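Engineer: So I've got this file, model_39.cif, and it contains mmCIF, C-alpha atoms and all ligand atoms:
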```cif
data_run
#
loop_
_atom_site.label_atom_id
_atom_site.label_comp_id
_atom_site.auth_asym_id
_atom_site.auth_seq_id
_atom_site.Cartn_x
_atom_site.Cartn_y
_atom_site.Cartn_z
CA MET Z 135 -9.14 -24.29 29.39
CA LYS Z 136 -9.86 -27.54 27.53
CA LYS Z 137 -12.44 -29.80 29.13
CA ARG Z 138 -12.99 -33.56 29.21
CA THR Z 139 -15.92 -35.68 30.36
CA LEU Z 140 -15.64 -37.49 33.70
CA GLY Z 141 -16.89 -40.97 32.79
CA LYS Z 142 -20.58 -41.68 33.26
CA THR Z 143 -21.05 -38.73 35.63
CA GLY Z 144 -21.28 -36.54 32.52
CA LEU Z 145 -19.45 -33.74 34.34
CA GLU Z 146 -17.25 -31.65 32.06
CA LEU Z 147 -13.99 -30.90 33.86
CA SER Z 148 -11.13 -28.59 32.97
CA ILE Z 149 -8.05 -30.70 32.27
CA ILE Z 150 -6.25 -29.13 35.23
CA GLY Z 151 -7.93 -29.50 38.61
CA TYR Z 152 -6.99 -27.55 41.72
CA GLY Z 153 -5.59 -29.78 44.48
CA GLY Z 154 -6.31 -28.27 47.89
CA PHE Z 155 -3.67 -30.01 50.02
CA HIS Z 156 -1.04 -27.29 49.62
CA LEU Z 157 -3.47 -24.55 50.59
CA ILE Z 158 -2.57 -25.50 54.15
CA GLU Z 159 0.82 -23.88 53.57
CA VAL Z 160 -0.31 -20.51 52.17
CA PRO Z 161 -1.95 -17.56 53.94
CA ARG Z 162 -5.71 -17.21 53.40
CA LYS Z 163 -5.42 -14.09 51.20
CA GLU Z 164 -2.96 -15.80 48.87
CA ALA Z 165 -5.14 -18.91 48.86
CA SER Z 166 -8.07 -16.77 47.81
CA ASN Z 167 -6.07 -15.12 45.02
CA LEU Z 168 -4.87 -18.49 43.74
CA LEU Z 169 -8.31 -20.10 43.74
CA ASN Z 170 -10.05 -17.14 42.14
CA THR Z 171 -7.35 -16.81 39.47
CA TYR Z 172 -7.76 -20.51 38.71
CA LEU Z 173 -11.52 -20.07 38.24
CA ASP Z 174 -11.05 -16.87 36.22
CA ARG Z 175 -8.76 -18.77 33.85
CA GLY Z 176 -11.37 -21.44 33.12
CA GLY Z 177 -10.56 -24.03 35.78
CA ASN Z 178 -13.63 -25.73 37.23
CA TYR Z 179 -12.53 -28.59 39.50
CA ILE Z 180 -11.46 -28.00 43.11
CA GLU Z 181 -10.67 -30.82 45.47
CA THR Z 182 -9.74 -31.11 49.12
CA ALA Z 183 -10.13 -33.49 52.07
CA ALA Z 184 -11.38 -33.35 55.63
CA GLN Z 185 -7.98 -34.33 56.97
CA TYR Z 186 -5.92 -31.73 55.03
CA GLY Z 187 -4.71 -29.65 57.94
CA ASP Z 188 -7.66 -30.96 59.95
CA GLY Z 189 -10.08 -28.81 57.93
CA ILE Z 190 -7.78 -25.84 57.21
CA SER Z 191 -7.73 -26.47 53.45
CA GLU Z 192 -11.53 -26.77 53.35
CA ARG Z 193 -12.00 -23.60 55.36
CA LYS Z 194 -9.72 -21.61 53.04
CA ILE Z 195 -11.64 -22.85 50.01
CA GLY Z 196 -14.97 -22.06 51.66
CA GLU Z 197 -13.87 -18.54 52.52
CA ALA Z 198 -12.35 -17.86 49.09
CA VAL Z 199 -14.80 -19.23 46.54
CA SER Z 200 -18.07 -20.38 48.14
CA HIS Z 201 -19.75 -17.32 46.57
CA ARG Z 202 -18.84 -18.84 43.16
CA ARG Z 203 -20.03 -22.35 44.05
CA ASP Z 204 -22.03 -22.84 40.82
CA GLU Z 205 -18.93 -22.26 38.71
CA PHE Z 206 -17.04 -25.36 39.77
CA VAL Z 207 -17.21 -29.03 40.66
CA LEU Z 208 -16.29 -29.54 44.31
CA THR Z 209 -14.90 -32.61 46.01
CA THR Z 210 -13.95 -33.63 49.49
CA LYS Z 211 -12.76 -36.88 51.02
CA THR Z 212 -13.07 -38.90 54.19
CA VAL Z 213 -10.79 -41.46 55.77
CA ASP Z 214 -13.54 -42.61 58.14
CA ARG Z 215 -14.61 -46.15 57.31
CA THR Z 216 -17.89 -46.29 59.24
CA ARG Z 217 -21.30 -44.87 58.33
CA GLN Z 218 -21.44 -42.70 61.39
CA GLY Z 219 -17.85 -41.45 61.11
CA ALA Z 220 -18.16 -40.64 57.40
CA LEU Z 221 -21.48 -38.82 57.92
CA ALA Z 222 -19.96 -36.68 60.66
CA SER Z 223 -16.93 -36.03 58.48
CA LEU Z 224 -19.10 -34.89 55.55
CA GLU Z 225 -21.21 -32.60 57.74
CA ARG Z 226 -18.08 -30.91 59.05
CA SER Z 227 -16.67 -30.62 55.51
CA LEU Z 228 -19.86 -28.94 54.21
CA LYS Z 229 -19.69 -26.45 57.05
CA ASN Z 230 -16.00 -25.75 56.39
CA LEU Z 231 -16.62 -25.36 52.67
CA ARG Z 232 -19.65 -23.13 53.28
CA THR Z 233 -21.84 -25.13 50.95
CA ASP Z 234 -24.78 -27.52 51.12
CA ARG Z 235 -23.37 -30.11 48.71
CA VAL Z 236 -20.24 -31.64 47.25
CA ASP Z 237 -20.24 -33.17 43.77
CA LEU Z 238 -17.88 -36.03 44.54
CA PHE Z 239 -17.43 -37.63 47.95
CA PHE Z 240 -14.23 -39.68 48.12
CA MET Z 241 -13.50 -42.69 50.24
CA HIS Z 242 -9.82 -41.93 50.65
CA GLU Z 243 -6.89 -44.29 50.72
CA PRO Z 244 -8.02 -47.83 51.44
CA GLN Z 245 -4.59 -49.43 50.97
CA THR Z 246 -5.64 -53.01 51.51
CA VAL Z 247 -8.53 -55.17 50.36
CA GLU Z 248 -9.65 -55.45 54.02
CA GLU Z 249 -10.01 -51.67 54.29
CA ALA Z 250 -11.87 -51.54 50.99
CA LYS Z 251 -14.27 -54.21 52.26
CA GLN Z 252 -14.84 -52.28 55.48
CA ILE Z 253 -16.14 -49.30 53.49
CA LEU Z 254 -18.63 -51.48 51.60
CA ALA Z 255 -19.74 -53.62 54.57
CA PRO Z 256 -23.05 -53.00 56.44
CA GLY Z 257 -22.53 -49.95 58.65
CA GLY Z 258 -19.59 -48.88 56.44
CA ALA Z 259 -18.83 -45.47 54.95
CA MET Z 260 -20.60 -46.25 51.66
CA GLU Z 261 -23.89 -46.15 53.56
CA ALA Z 262 -23.03 -42.58 54.55
CA PHE Z 263 -22.62 -41.68 50.89
CA GLU Z 264 -25.97 -43.28 49.95
CA GLU Z 265 -27.67 -41.33 52.72
CA ALA Z 266 -25.96 -38.08 51.73
CA LYS Z 267 -26.92 -38.65 48.09
CA LYS Z 268 -30.61 -39.02 49.03
CA ALA Z 269 -30.38 -35.80 51.03
CA GLY Z 270 -28.77 -33.94 48.08
CA LYS Z 271 -25.52 -33.43 49.96
CA ALA Z 272 -23.28 -35.50 47.66
CA ARG Z 273 -23.79 -36.50 44.03
CA PHE Z 274 -21.22 -39.16 43.09
CA ALA Z 275 -19.28 -41.86 44.98
CA ALA Z 276 -15.56 -41.75 44.44
CA ILE Z 277 -12.49 -43.58 45.63
CA SER Z 278 -8.89 -42.43 45.84
CA GLY Z 279 -5.56 -43.86 46.89
CA HIS Z 280 -1.79 -43.82 46.45
CA GLY Z 281 0.96 -46.31 45.80
CA ARG Z 282 0.18 -49.93 44.95
CA PRO Z 283 -3.52 -49.97 44.12
CA ALA Z 284 -4.72 -53.21 45.77
CA GLY Z 285 -7.45 -51.55 47.88
CA ILE Z 286 -8.79 -49.29 45.14
CA GLN Z 287 -8.62 -52.06 42.54
CA TYR Z 288 -10.79 -54.28 44.75
CA SER Z 289 -13.16 -51.35 45.21
CA ILE Z 290 -13.58 -50.75 41.48
CA GLU Z 291 -14.01 -54.46 40.80
CA ASN Z 292 -16.66 -54.90 43.49
CA HIS Z 293 -18.68 -51.70 43.63
CA LEU Z 294 -20.10 -49.25 41.14
CA TYR Z 295 -18.01 -46.26 42.14
CA ASP Z 296 -18.51 -43.31 39.80
CA VAL Z 297 -14.99 -41.92 39.96
CA LEU Z 298 -11.44 -42.99 40.77
CA MET Z 299 -8.50 -40.74 41.55
CA THR Z 300 -4.95 -42.04 41.83
CA GLY Z 301 -1.36 -41.16 41.02
CA PHE Z 302 -0.03 -41.41 37.48
CA ASN Z 303 3.44 -40.25 36.50
CA TYR Z 304 6.37 -41.39 34.39
CA PHE Z 305 8.39 -42.34 37.49
CA ASP Z 306 5.97 -44.36 39.62
CA ARG Z 307 4.61 -46.12 36.54
CA PHE Z 308 7.62 -48.41 37.08
CA ASN Z 309 7.02 -48.82 40.81
CA PHE Z 310 3.25 -49.36 40.71
CA PRO Z 311 2.58 -50.38 37.09
CA GLN Z 312 -0.82 -51.86 37.95
CA ALA Z 313 -2.34 -48.37 38.11
CA GLU Z 314 -1.78 -47.72 34.40
CA GLU Z 315 -1.80 -51.27 33.10
CA GLU Z 316 -4.77 -52.75 34.99
CA LEU Z 317 -6.75 -50.19 36.93
CA LEU Z 318 -7.04 -47.51 34.26
CA PRO Z 319 -8.31 -49.90 31.52
CA LEU Z 320 -10.74 -51.44 34.02
CA CYS Z 321 -12.19 -48.00 34.82
CA LEU Z 322 -12.53 -47.11 31.15
CA GLU Z 323 -14.31 -50.38 30.47
CA ARG Z 324 -16.77 -49.70 33.31
CA GLY Z 325 -17.36 -46.04 32.57
CA VAL Z 326 -15.72 -44.99 35.82
CA GLY Z 327 -14.42 -41.42 35.51
CA VAL Z 328 -10.68 -41.16 36.19
CA LEU Z 329 -8.83 -38.27 37.78
CA GLY Z 330 -5.05 -38.16 37.88
CA MET Z 331 -2.84 -36.77 40.61
CA LYS Z 332 0.84 -36.79 41.57
CA ALA Z 333 2.05 -36.02 38.04
CA LEU Z 334 5.28 -34.76 39.63
CA ALA Z 335 5.60 -37.78 41.96
CA ASP Z 336 5.13 -35.59 45.06
CA GLY Z 337 7.64 -33.05 43.73
CA TYR Z 338 10.38 -35.54 42.84
CA LEU Z 339 10.10 -34.69 39.13
CA TYR Z 340 10.56 -30.94 39.72
CA ARG Z 341 13.32 -30.76 37.09
CA ASN Z 342 10.94 -31.96 34.38
CA VAL Z 343 7.63 -30.21 35.02
CA GLU Z 344 6.41 -29.86 31.44
CA PRO Z 345 7.13 -33.45 30.31
CA ALA Z 346 5.71 -34.75 33.60
CA ILE Z 347 2.42 -32.89 33.19
CA ARG Z 348 2.21 -33.73 29.49
CA TYR Z 349 2.86 -37.39 30.23
CA THR Z 350 -0.01 -37.68 32.70
CA LEU Z 351 -2.38 -35.55 30.64
CA SER Z 352 -1.74 -37.87 27.69
CA LEU Z 353 -3.39 -40.73 29.57
CA PRO Z 354 -7.16 -41.21 29.14
CA ILE Z 355 -8.00 -39.29 32.32
CA ALA Z 356 -10.57 -36.51 32.64
CA SER Z 357 -8.54 -34.07 34.69
CA LEU Z 358 -5.17 -33.83 36.41
CA VAL Z 359 -5.20 -32.45 39.94
CA LEU Z 360 -2.18 -30.29 40.72
CA GLY Z 361 -1.21 -28.64 43.98
CA MET Z 362 -0.38 -25.02 43.14
CA ASN Z 363 0.69 -22.88 46.07
CA ARG Z 364 2.33 -19.99 44.20
CA LEU Z 365 0.97 -17.75 41.47
CA ASP Z 366 3.94 -18.36 39.14
CA GLN Z 367 3.42 -22.09 39.56
CA LEU Z 368 -0.27 -21.73 38.75
CA GLU Z 369 0.56 -19.69 35.65
CA GLN Z 370 3.15 -22.22 34.54
CA ASP Z 371 0.78 -25.18 34.95
CA LEU Z 372 -2.08 -23.41 33.20
CA ALA Z 373 0.21 -22.47 30.29
CA ILE Z 374 1.25 -26.13 29.92
CA ALA Z 375 -2.43 -27.10 29.88
CA GLU Z 376 -3.30 -24.40 27.36
CA ASN Z 377 -0.53 -25.53 24.97
CA PHE Z 378 -1.08 -29.22 25.62
CA THR Z 379 -0.48 -31.73 22.86
CA PRO Z 380 -0.54 -35.47 23.62
CA MET Z 381 2.82 -37.18 24.00
CA ALA Z 382 3.60 -39.63 21.20
CA GLU Z 383 4.85 -43.13 22.10
CA GLU Z 384 8.35 -42.30 20.81
CA GLU Z 385 8.46 -39.23 23.07
CA LYS Z 386 7.45 -41.36 26.05
CA GLU Z 387 10.15 -43.91 25.27
CA GLU Z 388 12.70 -41.10 25.04
CA LEU Z 389 11.51 -39.78 28.42
CA TYR Z 390 11.90 -43.23 30.00
CA ARG Z 391 15.41 -43.39 28.58
CA SER Z 392 16.63 -39.93 29.51
CA ALA Z 393 14.73 -38.77 32.63
CA PRO Z 394 17.32 -38.09 35.35
CA GLU Z 395 15.09 -39.54 38.11
CA LEU Z 396 14.99 -42.91 36.35
CA GLY Z 397 18.66 -42.82 35.34
CA ARG Z 398 20.59 -46.07 35.36
CA TYR Z 399 18.85 -47.40 38.43
CA VAL Z 400 15.03 -47.57 38.16
CA CYS Z 401 13.93 -50.79 36.47
CA ARG Z 402 11.68 -50.03 33.46
CA GLN Z 403 10.09 -53.48 33.72
CA CYS Z 404 10.97 -54.40 30.12
CA LYS Z 405 11.43 -58.01 31.35
CA LYS Z 406 14.47 -58.69 29.17
CA CYS Z 407 16.87 -59.73 31.94
CA ARG Z 408 15.45 -63.16 32.74
CA GLY Z 409 18.21 -65.69 33.60
CA ALA Z 410 18.63 -69.11 31.92
CA ASP Z 411 17.22 -70.77 35.06
CA GLY Z 412 14.04 -68.67 34.77
CA PHE Z 413 15.07 -66.24 37.51
CA ALA Z 414 13.32 -62.86 36.90
CA PRO Z 415 15.20 -59.99 38.62
CA TYR Z 416 12.44 -57.54 37.64
CA GLU Z 417 10.05 -59.25 40.08
CA VAL Z 418 12.48 -58.35 42.87
CA PHE Z 419 12.76 -54.79 41.51
CA LEU Z 420 9.00 -54.42 41.51
CA LEU Z 421 9.03 -55.15 45.25
CA GLU Z 422 11.90 -52.70 45.67
CA GLY Z 423 9.58 -50.15 44.06
CA LEU Z 424 6.93 -50.97 46.62
CA PHE Z 425 9.53 -50.69 49.40
CA ASP Z 426 11.06 -47.29 48.62
CA ARG Z 427 10.03 -46.36 45.06
CA GLN Z 428 13.59 -47.41 43.97
CA MET Z 429 14.73 -44.01 45.19
CA SER Z 430 17.74 -45.12 47.17
CA ASP Z 431 20.56 -46.58 45.07
CA TYR Z 432 23.19 -46.39 47.82
CA SER Z 433 25.07 -43.62 46.07
CA VAL Z 434 25.43 -40.09 47.42
CA PRO Z 435 23.41 -37.71 45.22
CA ASP Z 436 23.31 -33.92 45.37
CA PRO Z 437 21.81 -32.51 48.61
CA GLN Z 438 18.49 -31.50 46.97
CA THR Z 439 17.91 -34.97 45.53
CA TYR Z 440 18.96 -36.62 48.79
CA ALA Z 441 16.55 -34.47 50.83
CA LEU Z 442 13.68 -35.23 48.47
CA GLN Z 443 14.43 -38.95 48.44
CA GLU Z 444 14.55 -39.08 52.22
CA ARG Z 445 11.18 -37.32 52.40
CA LEU Z 446 9.46 -39.31 49.68
CA LYS Z 447 10.85 -42.82 49.54
CA HIS Z 448 8.50 -44.20 52.20
CA TRP Z 449 5.69 -41.71 51.49
CA PHE Z 450 3.13 -44.48 50.97
CA ASP Z 451 4.29 -46.49 54.00
CA GLN Z 452 4.38 -49.85 52.17
CA LYS Z 453 7.71 -51.16 53.49
CA ASP Z 454 6.31 -54.01 55.55
CA TRP Z 455 4.06 -55.10 52.73
CA ALA Z 456 7.09 -55.24 50.38
CA ARG Z 457 9.16 -57.26 52.86
CA ASN Z 458 6.32 -59.67 53.44
CA GLU Z 459 5.90 -60.27 49.69
CA TYR Z 460 9.65 -60.65 49.22
CA GLY Z 461 9.58 -63.38 51.85
CA LYS Z 462 7.03 -65.24 49.74
CA LEU Z 463 8.82 -64.76 46.38
CA LYS Z 464 9.92 -68.15 45.02
CA GLN Z 465 13.04 -66.99 43.17
CA LYS Z 466 14.59 -63.99 44.86
CA GLY Z 467 18.24 -64.56 43.95
CA ASP Z 468 21.25 -65.11 46.19
CA PRO Z 469 23.12 -61.94 47.16
CA GLU Z 470 26.39 -63.89 47.36
CA ARG Z 471 26.08 -64.95 43.72
CA ASP Z 472 27.39 -62.97 40.75
CA TYR Z 473 24.60 -61.95 38.35
CA SER Z 474 26.66 -59.55 36.26
CA ALA Z 475 26.15 -61.72 33.13
CA LEU Z 476 22.60 -60.27 33.09
CA ASN Z 477 23.83 -56.67 32.91
CA ILE Z 478 24.33 -56.80 29.17
CA LEU Z 479 20.63 -57.58 28.65
CA CYS Z 480 19.53 -54.23 30.08
CA SER Z 481 19.35 -51.51 27.43
CA TYR Z 482 18.83 -48.89 30.18
CA GLY Z 483 22.35 -49.48 31.50
CA ILE Z 484 21.22 -50.89 34.85
CA ASP Z 485 23.80 -52.92 36.76
CA VAL Z 486 21.41 -55.80 37.48
CA ASP Z 487 23.89 -57.60 39.74
CA ARG Z 488 24.49 -54.55 41.97
CA LYS Z 489 20.79 -53.66 42.05
CA LEU Z 490 19.79 -57.18 43.10
CA LYS Z 491 22.16 -56.99 46.06
CA ILE Z 492 20.85 -53.56 47.06
CA ALA Z 493 17.24 -54.73 46.75
CA HIS Z 494 18.01 -57.77 48.89
CA SER Z 495 19.55 -55.59 51.60
CA LYS Z 496 16.36 -53.50 51.69
CA LEU Z 497 13.84 -56.30 51.46
CA ALA Z 498 15.24 -59.37 53.22
CA GLY Z 499 15.62 -57.94 56.71
CA ASP Z 500 18.29 -60.65 57.32
CA GLY Z 501 21.13 -58.31 58.16
CA TYR Z 502 22.75 -58.60 54.72
CA LEU Z 503 25.15 -55.71 54.24
CA PHE Z 504 25.57 -54.32 50.75
S1 LIG M 601 16.46 -55.39 31.49
FE1 LIG M 601 16.74 -53.62 32.82
S2 LIG M 601 14.84 -52.44 32.65
FE2 LIG M 601 14.46 -54.45 31.77
S3 LIG M 601 13.55 -55.64 33.42
FE3 LIG M 601 15.75 -56.01 33.50
S4 LIG M 601 16.62 -54.48 34.87
FE4 LIG M 601 14.56 -53.86 34.34
#
```
Please re-express this file's structure in structure tokens.

Structural biologist:
Amino acid sequence: MKKRTLGKTGLELSIIGYGGFHLIEVPRKEASNLLNTYLDRGGNYIETAAQYGDGISERKIGEAVSHRRDEFVLTTKTVDRTRQGALASLERSLKNLRTDRVDLFFMHEPQTVEEAKQILAPGGAMEAFEEAKKAGKARFAAISGHGRPAGIQYSIENHLYDVLMTGFNYFDRFNFPQAEEELLPLCLERGVGVLGMKALADGYLYRNVEPAIRYTLSLPIASLVLGMNRLDQLEQDLAIAENFTPMAEEEKEELYRSAPELGRYVCRQCKKCRGADGFAPYEVFLLEGLFDRQMSDYSVPDPQTYALQERLKHWFDQKDWARNEYGKLKQKGDPERDYSALNILCSYGIDVDRKLKIAHSKLAGDGYLF
């Protein structure tokens, strides 16, 4: 499999990494077959976390491939924010993984700046990493997170992390555009290695697997972590990686136009629908993205789509944050007003007037009924 360099760490990673979360769901023998097949086919990056199944994912990895430890780069994560908690978490992870060292140790999911600061404060989890590094138990400091990247952006701006991992896909790029537009360039500028995850938006893009993987692999990331819990899925993902060619800008634009998940509802943030009075509906839609990833459009989709939307729309638990920011937005529009004159400005066919009313009903919390 093709390899790319992970920033200043100098590690050469296969472009597809093995995400350990879904190992929770498969029996240990199948997990072993999957992991060993991945390594046999040239994969060399395996990641997991202490909290995945409370150690079950780590234990399956340890049992399956610890005898091949020198063949791959290994990562685990902690959600403990204190020195003591993170040290205990790492010790347990090493035991579960049957190894004496991890290559990357992730501080996982600081959503807010306050949480990010807690990690870096005296007595915080970063001290645990420094201690583990001196003892040869962890090599590089890494940070990971989902959804709007405020916490991880602060972390990259204020600490020399070696590696960042976050979600990149053609759907959430319109809900959390900062990840691609701000965070990724910042990492490249600082030599921070970048790992991608969630290329399928937690499974929501299941109808478009190849374009979704190609899209994310076309970004300047070192490796894309995929959760593969079936052999046919593993084979499919490896084949896409083996035949990978970068997506041209025109292909991306075509994907934004035609992808069924984006349809005539998800705002592509082209910023062309500004009103004569300066009102910018897309600022409201960005907060709708934070609220529920613009998944609910108050229509009744097919049962599969509905079930996925219900499972995933609040996956990052950022509803309150979105409502709070909506409260502070200067121009949020009036749901009783008719904005349909703006519809013609949207080349993606979005009914701006209808969408503004739906967004208001989600975000205002004032009892407005769409
Ligand atoms: S014109 Fe359409 S896609 Fe562009 S910002 Fe407005 S609603 Fe979004």

Engineer: Residues up to 12 Å from ligand LIG 601 (chain M), counting all atoms listed in the file: could you list those as a ChimeraX atom specification?

Structural biologist: /Z:308-309,390-391,396-409,413-420,422-423,428,473-490,493

Engineer: Do you have the atom CA of Z:Gly177-atom CA of Z:Gly327 distance handy?

Structural biologist: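 Those two atoms sit 17.8 Å apart.
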
Engineer: In terms of the shortest atom-to-atom distance over all atoms listed in the file, which of Z:Arg193, Z:Lys136, Z:Ser357, Z:His156 is closest to Z:Val207?

Structural biologist: Z:Ser357

Engineer: Where does stretch 363-435 of chain Z meet stretch 330-338 of chain Z within 12 Å, residue by residue, with the nearest atom pair and distance in Å to one decimal for each, counting all atoms listed in the file, listed by chain and rising number, as JSON lines?

Structural biologist:
```
{"residue": "Z:Asp371", "atom": "CA", "partner": "Z:Ala333", "partner_atom": "CA", "distance": 11.3}
{"residue": "Z:Ala393", "atom": "CA", "partner": "Z:Tyr338", "partner_atom": "CA", "distance": 11.6}
{"residue": "Z:Pro394", "atom": "CA", "partner": "Z:Tyr338", "partner_atom": "CA", "distance": 10.5}
{"residue": "Z:Glu395", "atom": "CA", "partner": "Z:Tyr338", "partner_atom": "CA", "distance": 7.8}
{"residue": "Z:Leu396", "atom": "CA", "partner": "Z:Tyr338", "partner_atom": "CA", "distance": 10.8}
{"residue": "Z:Arg427", "atom": "CA", "partner": "Z:Ala335", "partner_atom": "CA", "distance": 10.1}
{"residue": "Z:Met429", "atom": "CA", "partner": "Z:Tyr338", "partner_atom": "CA", "distance": 9.8}
```

Engineer: I want to know what sits within 6 Å of Z:Met241, based on only C-alpha atoms, with residues of the same chain fewer than 3 positions away left out; could you give that as a list in words?

Structural biologist: Lys211, Thr212 and Ile277 of chain Z

Engineer: With all atoms listed in the file as the counted atoms, please give the residues lying no more than 12 Å from Z:Arg203, apart from itself and same-chain residues fewer than 4 positions off, as JSON, numbers by chain.

Structural biologist: {"Z": [169, 170, 173, 178, 179, 180, 195, 196, 197, 198, 199, 207, 208, 209, 231, 232, 233, 234, 235, 236, 237]}

Engineer: Restricting the calculation to only C-alpha atoms: of Z:Ile374, Z:Gly301, Z:Phe240, Z:Ile355, which residue gets closest to Z:Arg138?

Structural biologist: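 Nearest to Z:Arg138: Z:Ile355.
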
Engineer: At a cut-off of 12 Å, using all atoms listed in the file, what residues contact Z:Arg273? Leave out same-chain residues fewer than 2 positions from it and give the result as a list of chain:residue names.

Structural biologist: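 Using all atoms listed in the file, the neighbours found are Z:Thr143, Z:Gly144, Z:Leu145, Z:Val207, Z:Leu208, Z:Thr209, Z:Thr210, Z:Asp234, Z:Arg235, Z:Val236, Z:Asp237, Z:Leu238, Z:Phe239, Z:Phe240, Z:Phe263, Z:Glu264, Z:Glu265, Z:Ala266, Z:Lys267, Z:Lys268, Z:Ala269, Z:Gly270, Z:Lys271, Z:Ala275, Z:Ala276, Z:Tyr295, Z:Asp296, Z:Val297.
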
Engineer: Kindly give the distance, in Å, that separates atom CA of Z:Phe504 and atom CA of Z:Ile492, rounded to a single decimal.

Structural biologist: 6.0 Å

Engineer: Using all atoms listed in the file, determine which residues lie at most 9 Å from Z:Gln452, disregarding the query and same-chain residues fewer than 2 positions distant; provide the list as a ChimeraX atom specification.

Structural biologist: /Z:281-282,424-426,448-450,454-457

Engineer: Considering all atoms listed in the file, can you say which of Z:Ser289, Z:Gln185, Z:Ser191, Z:Thr350 comes closest to Z:Glu159?

Structural biologist: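 For Z:Glu159, the nearest of the candidates is Z:Ser191.
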
Engineer: Using Å and a single decimal, report how far atom CA of Z:Tyr432 sits from atom CA of Z:Leu389.

Structural biologist: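 Separation of atom CA of Z:Leu389 and atom CA of Z:Tyr432: 23.6 Å.
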
Engineer: Using all atoms listed in the file, can you tell me which of Z:Ser352, Z:Asn363, Z:Ser227, Z:Thr216 comes closest to Z:Leu168?

Structural biologist: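 The shortest atom-to-atom distance to Z:Leu168 comes from Z:Asn363.
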
Engineer: So which residues touch Z:Met362 within 9 Å, counting all atoms listed in the file, skipping near sequence neighbours fewer than 4 positions away, as a ChimeraX atom specification?

Structural biologist: /Z:152-154,156-157,168,366-368,371

Engineer: Let me have the centre and edge lengths of the axis-aligned box enclosing all listed atoms of stretch 360-370 of chain Z with 4 Å padding on every side, in Å to one decimal, as AutoDock Vina command-line options.

Structural biologist:
```
--center_x 0.9 --center_y -24.0 --center_z 40.3 --size_x 14.1 --size_y 20.5 --size_z 19.5
```
